[in-house]
Amino acid sequence: MVPEESTVATPQAVIAASLRRERTRAGLSLTEVASRAGIAKSTLSQLESGTGNPSLETLWALCVALDMPFSRLLDPPRPNVQVIRAGEGPVVVAEQSDYRATLLAAAPISSRRDLFRITAEPGHARRSDPHIPGVVEHVLLATGRALVGIVDAPVELHPGDYISYPGDVPHVFAALEPGTWATLVIEYT
C-alpha cells in the first residue's frame with residue numbers, strides 16, 4: 001500500500017488499530033490469523049504496530065481470515081455529514097496493477113455494504129481472489145472502458161454501464177483506457 005495525502009489519520013495507523021481490534025474481537029492469536037491469511041506472523045505484527053506497508057492483496061487476505069468486510073480496516077469514526085473530495089480519502093493500492101481503491105462509505109453494523117471509488121490505468125489487470133462467502137460486487141463505470149467481472153467471463157463496460165457479480169469467486173477489473181474510474185459497492189450478504 002502506498003500512503004496518499006489525506007486529511008484523516010494515516011491509512012497505516014487506521015489499519016493497525018482495526019487489525020488489533022478485529023483480531024481481539026475474533027479471539028485469535030497473531031499466529032492463527034497470519035496462517036489463515038497466508039502471510040508471515042512478523043508481517044501481521046508489523047501491520048498491527050503500524051509499521052507495515054501492506055498491499056491490497058494482503059489486506060483482502062486478512063479480511064477473509066478475520067471474516068470481516070474490507071472497509072472495517074479503513075473506517076475511523078466519522079461525523080454525521082461527510083464530504084470526501086476527489087483525490088481525498090483513505091486509499092489502498094494494488095500490488096501488481098495501477099489500481100487504487102478509495103473508501104468513501106463503510107457500512108454501519110446494521111448494514112452490510114461498502115462504497116469505493118476505483119481508479120485504474122491500462123497495463124496489468126487487477127485480479128482479485130475470492131472474498132468472504134456471499135459477497136456481491138456492483139460496479140458502475142464513470143469514465144473510460146474496462147473489463148470487469150468474473151475472471152472467466154469479464155464484460156466490457158463503457159461510461160454509465162453497470163455490472164453485478166459474485167465477489168466470492170476470482171474476479172477482475174482491467175482498465176482499457178487511461179483515466180478509467182468507477183464506483184464499486186461491495187455487498188456482504
# chains A, B, ... in the order shown; residues from 1 in each chain; ligands from 1

$ residues_around --residues "Ala65 of chain A" --least-positions-apart "2" --cutoff "8 Å" --atoms "only C-alpha atoms" --output "ChimeraX atom specification"
/A:33,36-37,61-63,67

$ write_last_selection --atoms "all heavy atoms" --output "CSV table (one decimal), in the first residue's frame"
chain,number,residue,atom,x,y,z
A,33,VAL,N,-4.2,-15.9,12.8
A,33,VAL,CA,-4.6,-15.0,11.7
A,33,VAL,C,-3.6,-15.0,10.6
A,33,VAL,O,-4.0,-15.1,9.4
A,33,VAL,CB,-4.8,-13.6,12.3
A,33,VAL,CG1,-5.1,-12.6,11.1
A,33,VAL,CG2,-6.0,-13.6,13.3
A,36,ARG,N,-4.1,-18.3,8.6
A,36,ARG,CA,-5.3,-18.2,7.8
A,36,ARG,C,-5.2,-17.3,6.6
A,36,ARG,O,-5.7,-17.6,5.5
A,36,ARG,CB,-6.5,-17.7,8.6
A,36,ARG,CG,-7.0,-18.7,9.7
A,36,ARG,CD,-8.1,-18.2,10.4
A,36,ARG,NE,-8.6,-19.1,11.5
A,36,ARG,CZ,-9.7,-18.9,12.1
A,36,ARG,NH1,-10.5,-17.8,11.9
A,36,ARG,NH2,-10.1,-19.7,13.1
A,37,ALA,N,-4.4,-16.2,6.7
A,37,ALA,CA,-4.3,-15.3,5.6
A,37,ALA,C,-3.1,-15.6,4.7
A,37,ALA,O,-3.0,-15.0,3.6
A,37,ALA,CB,-4.0,-13.9,6.2
A,61,ALA,N,-6.7,-10.6,2.1
A,61,ALA,CA,-6.5,-11.9,2.7
A,61,ALA,C,-6.7,-11.9,4.2
A,61,ALA,O,-7.3,-12.8,4.8
A,61,ALA,CB,-5.0,-12.4,2.4
A,62,LEU,N,-6.3,-10.8,4.8
A,62,LEU,CA,-6.6,-10.6,6.3
A,62,LEU,C,-8.1,-10.5,6.6
A,62,LEU,O,-8.6,-11.0,7.6
A,62,LEU,CB,-5.8,-9.4,6.8
A,62,LEU,CG,-4.3,-9.7,7.0
A,62,LEU,CD1,-3.6,-8.3,7.2
A,62,LEU,CD2,-4.0,-10.6,8.1
A,63,CYS,N,-8.8,-9.8,5.7
A,63,CYS,CA,-10.3,-9.7,5.9
A,63,CYS,C,-10.9,-11.0,5.8
A,63,CYS,O,-11.9,-11.3,6.6
A,63,CYS,CB,-10.9,-8.7,4.9
A,63,CYS,SG,-10.4,-7.0,5.2
A,67,ASP,N,-12.9,-12.9,8.6
A,67,ASP,CA,-14.4,-12.9,8.3
A,67,ASP,C,-15.0,-11.5,8.5
A,67,ASP,O,-16.0,-11.4,9.3
A,67,ASP,CB,-15.1,-14.0,9.1
A,67,ASP,CG,-16.5,-14.2,8.5
A,67,ASP,OD1,-16.7,-14.0,7.3
A,67,ASP,OD2,-17.4,-14.6,9.3

$ atom_distance --atom1 "atom CA of Val93 of chain A" --atom2 "atom CA of Leu115 of chain A"
16.0 Å

$ residues_around --residues "Pro154 of chain A" --least-positions-apart "5" --cutoff "12 Å" --atoms "only C-alpha atoms" --output "number ranges by chain"
A: 125, 127, 146-149, 163-166, 170-175

$ residues_around --residues "Val135 of chain A" --least-positions-apart "6" --cutoff "6 Å" --atoms "only C-alpha atoms" --output "number ranges by chain"
A: 167-168, 187-188

$ residues_around --residues "segment 14-28 of chain A" --least-positions-apart "2" --cutoff "12 Å" --atoms "only C-alpha atoms" --output "MDAnalysis selection string"
chainID A and resid 1 3 8:12 30:36 43:56 58:60 62:77 90:92

$ write_last_selection --atoms "C-alpha atoms" --output "PDB file, in the first residue's frame"
ATOM      1  CA  MET A   1       0.000   0.000   0.000  1.00  0.00           C
ATOM      2  CA  PRO A   3       0.339   6.231   1.513  1.00  0.00           C
ATOM      3  CA  VAL A   8      -7.564  11.844   8.081  1.00  0.00           C
ATOM      4  CA  ALA A   9      -5.207   9.624  10.096  1.00  0.00           C
ATOM      5  CA  THR A  10      -2.684   7.721   8.023  1.00  0.00           C
ATOM      6  CA  PRO A  11      -4.047   4.512   6.489  1.00  0.00           C
ATOM      7  CA  GLN A  12      -1.334   2.529   8.302  1.00  0.00           C
ATOM      8  CA  LEU A  30      -1.268 -13.441  15.655  1.00  0.00           C
ATOM      9  CA  THR A  31      -0.091 -16.883  14.552  1.00  0.00           C
ATOM     10  CA  GLU A  32      -3.596 -18.123  13.744  1.00  0.00           C
ATOM     11  CA  VAL A  33      -4.625 -15.032  11.744  1.00  0.00           C
ATOM     12  CA  ALA A  34      -1.328 -14.987   9.848  1.00  0.00           C
ATOM     13  CA  SER A  35      -1.697 -18.678   9.000  1.00  0.00           C
ATOM     14  CA  ARG A  36      -5.296 -18.237   7.803  1.00  0.00           C
ATOM     15  CA  THR A  43       4.204  -9.243   8.691  1.00  0.00           C
ATOM     16  CA  LEU A  44       0.982  -9.227  10.700  1.00  0.00           C
ATOM     17  CA  SER A  45       2.855  -7.975  13.759  1.00  0.00           C
ATOM     18  CA  GLN A  46       4.303  -5.095  11.721  1.00  0.00           C
ATOM     19  CA  LEU A  47       0.857  -4.234  10.345  1.00  0.00           C
ATOM     20  CA  GLU A  48      -0.661  -4.216  13.822  1.00  0.00           C
ATOM     21  CA  SER A  49       2.122  -1.930  15.061  1.00  0.00           C
ATOM     22  CA  GLY A  50       1.550   0.491  12.163  1.00  0.00           C
ATOM     23  CA  THR A  51       4.994  -0.055  10.642  1.00  0.00           C
ATOM     24  CA  GLY A  52       3.983  -2.362   7.779  1.00  0.00           C
ATOM     25  CA  ASN A  53       3.135  -1.314   4.236  1.00  0.00           C
ATOM     26  CA  PRO A  54       0.532  -3.864   3.077  1.00  0.00           C
ATOM     27  CA  SER A  55      -0.665  -4.440  -0.459  1.00  0.00           C
ATOM     28  CA  LEU A  56      -4.356  -4.558  -1.300  1.00  0.00           C
ATOM     29  CA  THR A  58      -2.585  -8.759   1.805  1.00  0.00           C
ATOM     30  CA  LEU A  59      -5.391  -6.667   3.299  1.00  0.00           C
ATOM     31  CA  TRP A  60      -8.074  -8.711   1.495  1.00  0.00           C
ATOM     32  CA  LEU A  62      -6.600 -10.632   6.281  1.00  0.00           C
ATOM     33  CA  CYS A  63     -10.263  -9.673   5.886  1.00  0.00           C
ATOM     34  CA  VAL A  64     -11.082 -13.187   4.683  1.00  0.00           C
ATOM     35  CA  ALA A  65      -9.085 -14.653   7.586  1.00  0.00           C
ATOM     36  CA  LEU A  66     -10.990 -12.462  10.066  1.00  0.00           C
ATOM     37  CA  ASP A  67     -14.373 -12.894   8.286  1.00  0.00           C
ATOM     38  CA  MET A  68     -14.904  -9.144   8.075  1.00  0.00           C
ATOM     39  CA  PRO A  69     -15.763  -6.503   5.467  1.00  0.00           C
ATOM     40  CA  PHE A  70     -12.744  -4.785   3.917  1.00  0.00           C
ATOM     41  CA  SER A  71     -13.989  -1.333   4.905  1.00  0.00           C
ATOM     42  CA  ARG A  72     -13.701  -2.159   8.596  1.00  0.00           C
ATOM     43  CA  LEU A  73      -9.912  -1.856   8.163  1.00  0.00           C
ATOM     44  CA  LEU A  74     -10.125   1.742   6.948  1.00  0.00           C
ATOM     45  CA  ASP A  75     -13.142   3.161   8.746  1.00  0.00           C
ATOM     46  CA  PRO A  76     -12.307   5.519  11.640  1.00  0.00           C
ATOM     47  CA  PRO A  77     -15.190   7.272  13.434  1.00  0.00           C
ATOM     48  CA  PRO A  90      -8.080   6.591   2.605  1.00  0.00           C
ATOM     49  CA  VAL A  91      -6.537   4.903  -0.450  1.00  0.00           C
ATOM     50  CA  VAL A  92      -5.081   1.435  -0.866  1.00  0.00           C
TER      51      VAL A  92
END

$ select_by_dssp --residues "segment 32-180 of chain A" --states "strand (DSSP E)" --output "number ranges by chain"
A: 91-93, 99-105, 113-120, 126-128, 135-143, 146-150, 155-157, 162-166, 171-175, 180

$ closest_residue --among "A:Val136, A:Val155, A:Val185, A:Ala13" --to "Thr102 of chain A" --atoms "only C-alpha atoms"
A:Val185

$ atom_distance --atom1 "atom CA of Leu104 of chain A" --atom2 "atom CA of Arg117 of chain A"
6.8 Å

$ select_by_dssp --residues "segment 28-175 of chain A" --states "helix (DSSP H, G or I)" --output "ChimeraX atom specification"
/A:30-37,41-49,56-66,70-73

$ atom_distance --atom1 "atom CA of Glu88 of chain A" --atom2 "atom CA of Ile132 of chain A"
27.5 Å

$ residues_around --residues "Thr183 of chain A" --least-positions-apart "2" --cutoff "7 Å" --atoms "only C-alpha atoms" --output "PyMOL selection string"
chain A and resi 116-118+139-141+185

$ write_last_selection --atoms "all heavy atoms" --output "compact mmCIF listing (two decimals), in the first residue's frame"
# COMPACT_ATOMS: atom_id res chain seq x y z
N PHE A 116 -16.78 2.37 -2.65
CA PHE A 116 -15.41 2.76 -3.01
C PHE A 116 -15.40 3.51 -4.34
O PHE A 116 -16.25 3.28 -5.20
CB PHE A 116 -14.52 1.52 -3.21
CG PHE A 116 -14.32 0.70 -1.97
CD1 PHE A 116 -15.22 -0.29 -1.62
CD2 PHE A 116 -13.21 0.91 -1.17
CE1 PHE A 116 -15.01 -1.07 -0.49
CE2 PHE A 116 -13.00 0.15 -0.04
CZ PHE A 116 -13.90 -0.85 0.31
N ARG A 117 -14.41 4.38 -4.49
CA ARG A 117 -14.06 4.96 -5.79
C ARG A 117 -12.86 4.17 -6.29
O ARG A 117 -11.86 4.04 -5.58
CB ARG A 117 -13.69 6.44 -5.67
CG ARG A 117 -13.29 7.06 -7.01
CD ARG A 117 -12.76 8.50 -6.89
NE ARG A 117 -13.53 9.34 -6.01
CZ ARG A 117 -13.06 9.88 -4.87
NH1 ARG A 117 -11.82 9.65 -4.47
NH2 ARG A 117 -13.82 10.63 -4.12
N ILE A 118 -12.94 3.65 -7.50
CA ILE A 118 -11.85 2.87 -8.10
C ILE A 118 -11.25 3.69 -9.22
O ILE A 118 -11.98 4.20 -10.08
CB ILE A 118 -12.38 1.54 -8.68
CG1 ILE A 118 -13.05 0.69 -7.61
CG2 ILE A 118 -11.28 0.77 -9.41
CD1 ILE A 118 -12.17 0.32 -6.45
N VAL A 139 -20.48 -2.65 -9.85
CA VAL A 139 -19.60 -1.65 -10.44
C VAL A 139 -20.40 -0.80 -11.41
O VAL A 139 -21.09 -1.32 -12.29
CB VAL A 139 -18.40 -2.29 -11.16
CG1 VAL A 139 -17.55 -1.24 -11.87
CG2 VAL A 139 -17.55 -3.08 -10.18
N LEU A 140 -20.29 0.53 -11.26
CA LEU A 140 -20.86 1.49 -12.19
C LEU A 140 -19.69 2.27 -12.77
O LEU A 140 -19.01 3.00 -12.04
CB LEU A 140 -21.82 2.43 -11.47
CG LEU A 140 -22.44 3.56 -12.30
CD1 LEU A 140 -23.27 3.00 -13.46
CD2 LEU A 140 -23.29 4.46 -11.41
N LEU A 141 -19.43 2.09 -14.07
CA LEU A 141 -18.29 2.75 -14.70
C LEU A 141 -18.62 4.21 -14.98
O LEU A 141 -19.64 4.52 -15.59
CB LEU A 141 -17.91 2.02 -16.00
CG LEU A 141 -16.52 2.38 -16.52
CD1 LEU A 141 -15.44 1.80 -15.62
CD2 LEU A 141 -16.34 1.89 -17.94
N VAL A 185 -19.54 -0.92 -5.22
CA VAL A 185 -20.26 -1.22 -3.98
C VAL A 185 -20.03 -2.70 -3.69
O VAL A 185 -20.28 -3.55 -4.56
CB VAL A 185 -21.78 -0.95 -4.12
CG1 VAL A 185 -22.51 -1.37 -2.85
CG2 VAL A 185 -22.04 0.52 -4.41

$ decode --residues "segment 141-175 of chain A" --atoms "N, CA, C and O atoms" --output "PDB file, in the first residue's frame"
ATOM      1  N   LEU A 141     -19.434   2.093 -14.067  1.00  0.00           N
ATOM      2  CA  LEU A 141     -18.294   2.750 -14.698  1.00  0.00           C
ATOM      3  C   LEU A 141     -18.617   4.211 -14.982  1.00  0.00           C
ATOM      4  O   LEU A 141     -19.643   4.518 -15.589  1.00  0.00           O
ATOM      5  N   ALA A 142     -17.740   5.107 -14.552  1.00  0.00           N
ATOM      6  CA  ALA A 142     -17.955   6.549 -14.746  1.00  0.00           C
ATOM      7  C   ALA A 142     -17.254   7.046 -16.003  1.00  0.00           C
ATOM      8  O   ALA A 142     -17.865   7.736 -16.825  1.00  0.00           O
ATOM      9  N   THR A 143     -15.961   6.743 -16.143  1.00  0.00           N
ATOM     10  CA  THR A 143     -15.209   7.183 -17.325  1.00  0.00           C
ATOM     11  C   THR A 143     -14.290   6.062 -17.788  1.00  0.00           C
ATOM     12  O   THR A 143     -13.906   5.191 -17.021  1.00  0.00           O
ATOM     13  N   GLY A 144     -13.916   6.122 -19.065  1.00  0.00           N
ATOM     14  CA  GLY A 144     -13.010   5.129 -19.634  1.00  0.00           C
ATOM     15  C   GLY A 144     -13.761   3.894 -20.085  1.00  0.00           C
ATOM     16  O   GLY A 144     -14.970   3.913 -20.310  1.00  0.00           O
ATOM     17  N   ARG A 145     -13.015   2.809 -20.219  1.00  0.00           N
ATOM     18  CA  ARG A 145     -13.563   1.496 -20.545  1.00  0.00           C
ATOM     19  C   ARG A 145     -12.825   0.481 -19.699  1.00  0.00           C
ATOM     20  O   ARG A 145     -11.654   0.669 -19.372  1.00  0.00           O
ATOM     21  N   ALA A 146     -13.510  -0.629 -19.364  1.00  0.00           N
ATOM     22  CA  ALA A 146     -12.880  -1.649 -18.531  1.00  0.00           C
ATOM     23  C   ALA A 146     -13.524  -3.003 -18.764  1.00  0.00           C
ATOM     24  O   ALA A 146     -14.705  -3.088 -19.108  1.00  0.00           O
ATOM     25  N   LEU A 147     -12.718  -4.055 -18.570  1.00  0.00           N
ATOM     26  CA  LEU A 147     -13.226  -5.421 -18.494  1.00  0.00           C
ATOM     27  C   LEU A 147     -13.419  -5.721 -17.023  1.00  0.00           C
ATOM     28  O   LEU A 147     -12.471  -5.621 -16.235  1.00  0.00           O
ATOM     29  N   VAL A 148     -14.647  -6.104 -16.646  1.00  0.00           N
ATOM     30  CA  VAL A 148     -14.990  -6.254 -15.236  1.00  0.00           C
ATOM     31  C   VAL A 148     -15.840  -7.505 -15.044  1.00  0.00           C
ATOM     32  O   VAL A 148     -16.698  -7.808 -15.862  1.00  0.00           O
ATOM     33  N   GLY A 149     -15.615  -8.197 -13.940  1.00  0.00           N
ATOM     34  CA  GLY A 149     -16.463  -9.329 -13.578  1.00  0.00           C
ATOM     35  C   GLY A 149     -15.677 -10.561 -13.227  1.00  0.00           C
ATOM     36  O   GLY A 149     -14.501 -10.494 -12.856  1.00  0.00           O
ATOM     37  N   ILE A 150     -16.321 -11.710 -13.372  1.00  0.00           N
ATOM     38  CA  ILE A 150     -15.712 -12.995 -13.070  1.00  0.00           C
ATOM     39  C   ILE A 150     -14.545 -13.222 -14.027  1.00  0.00           C
ATOM     40  O   ILE A 150     -14.640 -12.919 -15.219  1.00  0.00           O
ATOM     41  N   VAL A 151     -13.439 -13.747 -13.528  1.00  0.00           N
ATOM     42  CA  VAL A 151     -12.215 -13.921 -14.314  1.00  0.00           C
ATOM     43  C   VAL A 151     -12.482 -14.654 -15.630  1.00  0.00           C
ATOM     44  O   VAL A 151     -11.965 -14.271 -16.670  1.00  0.00           O
ATOM     45  N   ASP A 152     -13.296 -15.690 -15.597  1.00  0.00           N
ATOM     46  CA  ASP A 152     -13.544 -16.499 -16.793  1.00  0.00           C
ATOM     47  C   ASP A 152     -14.481 -15.838 -17.807  1.00  0.00           C
ATOM     48  O   ASP A 152     -14.545 -16.291 -18.954  1.00  0.00           O
ATOM     49  N   ALA A 153     -15.196 -14.788 -17.405  1.00  0.00           N
ATOM     50  CA  ALA A 153     -16.158 -14.172 -18.320  1.00  0.00           C
ATOM     51  C   ALA A 153     -16.346 -12.686 -18.021  1.00  0.00           C
ATOM     52  O   ALA A 153     -17.458 -12.230 -17.755  1.00  0.00           O
ATOM     53  N   PRO A 154     -15.267 -11.876 -18.084  1.00  0.00           N
ATOM     54  CA  PRO A 154     -15.443 -10.442 -17.810  1.00  0.00           C
ATOM     55  C   PRO A 154     -16.246  -9.780 -18.926  1.00  0.00           C
ATOM     56  O   PRO A 154     -16.298 -10.274 -20.053  1.00  0.00           O
ATOM     57  N   VAL A 155     -16.857  -8.666 -18.589  1.00  0.00           N
ATOM     58  CA  VAL A 155     -17.703  -7.921 -19.515  1.00  0.00           C
ATOM     59  C   VAL A 155     -17.070  -6.554 -19.754  1.00  0.00           C
ATOM     60  O   VAL A 155     -16.610  -5.906 -18.811  1.00  0.00           O
ATOM     61  N   GLU A 156     -17.054  -6.104 -21.006  1.00  0.00           N
ATOM     62  CA  GLU A 156     -16.536  -4.772 -21.308  1.00  0.00           C
ATOM     63  C   GLU A 156     -17.590  -3.738 -20.944  1.00  0.00           C
ATOM     64  O   GLU A 156     -18.728  -3.797 -21.402  1.00  0.00           O
ATOM     65  N   LEU A 157     -17.192  -2.788 -20.096  1.00  0.00           N
ATOM     66  CA  LEU A 157     -18.084  -1.715 -19.668  1.00  0.00           C
ATOM     67  C   LEU A 157     -17.649  -0.397 -20.287  1.00  0.00           C
ATOM     68  O   LEU A 157     -16.454  -0.138 -20.461  1.00  0.00           O
ATOM     69  N   HIS A 158     -18.640   0.443 -20.581  1.00  0.00           N
ATOM     70  CA  HIS A 158     -18.442   1.800 -21.090  1.00  0.00           C
ATOM     71  C   HIS A 158     -19.055   2.764 -20.079  1.00  0.00           C
ATOM     72  O   HIS A 158     -19.809   2.346 -19.196  1.00  0.00           O
ATOM     73  N   PRO A 159     -18.774   4.063 -20.165  1.00  0.00           N
ATOM     74  CA  PRO A 159     -19.329   5.013 -19.193  1.00  0.00           C
ATOM     75  C   PRO A 159     -20.842   4.851 -19.031  1.00  0.00           C
ATOM     76  O   PRO A 159     -21.578   4.767 -20.013  1.00  0.00           O
ATOM     77  N   GLY A 160     -21.261   4.760 -17.782  1.00  0.00           N
ATOM     78  CA  GLY A 160     -22.673   4.596 -17.456  1.00  0.00           C
ATOM     79  C   GLY A 160     -23.110   3.152 -17.331  1.00  0.00           C
ATOM     80  O   GLY A 160     -24.195   2.876 -16.827  1.00  0.00           O
ATOM     81  N   ASP A 161     -22.283   2.184 -17.769  1.00  0.00           N
ATOM     82  CA  ASP A 161     -22.641   0.772 -17.670  1.00  0.00           C
ATOM     83  C   ASP A 161     -22.480   0.277 -16.233  1.00  0.00           C
ATOM     84  O   ASP A 161     -21.606   0.725 -15.494  1.00  0.00           O
ATOM     85  N   TYR A 162     -23.318  -0.686 -15.886  1.00  0.00           N
ATOM     86  CA  TYR A 162     -23.337  -1.284 -14.545  1.00  0.00           C
ATOM     87  C   TYR A 162     -23.211  -2.793 -14.672  1.00  0.00           C
ATOM     88  O   TYR A 162     -23.762  -3.397 -15.601  1.00  0.00           O
ATOM     89  N   ILE A 163     -22.511  -3.415 -13.741  1.00  0.00           N
ATOM     90  CA  ILE A 163     -22.414  -4.869 -13.659  1.00  0.00           C
ATOM     91  C   ILE A 163     -22.468  -5.290 -12.205  1.00  0.00           C
ATOM     92  O   ILE A 163     -21.983  -4.567 -11.322  1.00  0.00           O
ATOM     93  N   SER A 164     -23.049  -6.453 -11.959  1.00  0.00           N
ATOM     94  CA  SER A 164     -23.085  -7.078 -10.641  1.00  0.00           C
ATOM     95  C   SER A 164     -22.591  -8.508 -10.815  1.00  0.00           C
ATOM     96  O   SER A 164     -22.963  -9.175 -11.786  1.00  0.00           O
ATOM     97  N   TYR A 165     -21.750  -8.977  -9.889  1.00  0.00           N
ATOM     98  CA  TYR A 165     -21.196 -10.324 -10.000  1.00  0.00           C
ATOM     99  C   TYR A 165     -20.779 -10.813  -8.617  1.00  0.00           C
ATOM    100  O   TYR A 165     -20.553 -10.017  -7.711  1.00  0.00           O
ATOM    101  N   PRO A 166     -20.668 -12.142  -8.454  1.00  0.00           N
ATOM    102  CA  PRO A 166     -20.239 -12.671  -7.157  1.00  0.00           C
ATOM    103  C   PRO A 166     -18.788 -12.300  -6.876  1.00  0.00           C
ATOM    104  O   PRO A 166     -17.926 -12.484  -7.732  1.00  0.00           O
ATOM    105  N   GLY A 167     -18.532 -11.783  -5.691  1.00  0.00           N
ATOM    106  CA  GLY A 167     -17.179 -11.423  -5.286  1.00  0.00           C
ATOM    107  C   GLY A 167     -16.498 -12.537  -4.506  1.00  0.00           C
ATOM    108  O   GLY A 167     -15.343 -12.387  -4.113  1.00  0.00           O
ATOM    109  N   ASP A 168     -17.213 -13.648  -4.302  1.00  0.00           N
ATOM    110  CA  ASP A 168     -16.605 -14.766  -3.575  1.00  0.00           C
ATOM    111  C   ASP A 168     -16.025 -15.817  -4.519  1.00  0.00           C
ATOM    112  O   ASP A 168     -15.799 -16.955  -4.139  1.00  0.00           O
ATOM    113  N   VAL A 169     -15.791 -15.397  -5.776  1.00  0.00           N
ATOM    114  CA  VAL A 169     -15.054 -16.183  -6.769  1.00  0.00           C
ATOM    115  C   VAL A 169     -13.991 -15.258  -7.358  1.00  0.00           C
ATOM    116  O   VAL A 169     -14.090 -14.028  -7.239  1.00  0.00           O
ATOM    117  N   PRO A 170     -12.952 -15.784  -8.008  1.00  0.00           N
ATOM    118  CA  PRO A 170     -11.946 -14.898  -8.604  1.00  0.00           C
ATOM    119  C   PRO A 170     -12.588 -13.925  -9.600  1.00  0.00           C
ATOM    120  O   PRO A 170     -13.430 -14.314 -10.406  1.00  0.00           O
ATOM    121  N   HIS A 171     -12.195 -12.648  -9.515  1.00  0.00           N
ATOM    122  CA  HIS A 171     -12.776 -11.631 -10.387  1.00  0.00           C
ATOM    123  C   HIS A 171     -11.707 -10.622 -10.794  1.00  0.00           C
ATOM    124  O   HIS A 171     -10.612 -10.621 -10.251  1.00  0.00           O
ATOM    125  N   VAL A 172     -12.066  -9.771 -11.764  1.00  0.00           N
ATOM    126  CA  VAL A 172     -11.052  -8.910 -12.386  1.00  0.00           C
ATOM    127  C   VAL A 172     -11.633  -7.528 -12.692  1.00  0.00           C
ATOM    128  O   VAL A 172     -12.833  -7.376 -12.935  1.00  0.00           O
ATOM    129  N   PHE A 173     -10.746  -6.521 -12.656  1.00  0.00           N
ATOM    130  CA  PHE A 173     -11.031  -5.171 -13.149  1.00  0.00           C
ATOM    131  C   PHE A 173      -9.819  -4.783 -13.975  1.00  0.00           C
ATOM    132  O   PHE A 173      -8.724  -4.634 -13.435  1.00  0.00           O
ATOM    133  N   ALA A 174     -10.017  -4.640 -15.284  1.00  0.00           N
ATOM    134  CA  ALA A 174      -8.915  -4.292 -16.186  1.00  0.00           C
ATOM    135  C   ALA A 174      -9.280  -3.036 -16.960  1.00  0.00           C
ATOM    136  O   ALA A 174     -10.182  -3.054 -17.797  1.00  0.00           O
ATOM    137  N   ALA A 175      -8.598  -1.940 -16.666  1.00  0.00           N
ATOM    138  CA  ALA A 175      -8.828  -0.692 -17.396  1.00  0.00           C
ATOM    139  C   ALA A 175      -8.364  -0.863 -18.833  1.00  0.00           C
ATOM    140  O   ALA A 175      -7.311  -1.435 -19.100  1.00  0.00           O
TER     141      ALA A 175
END
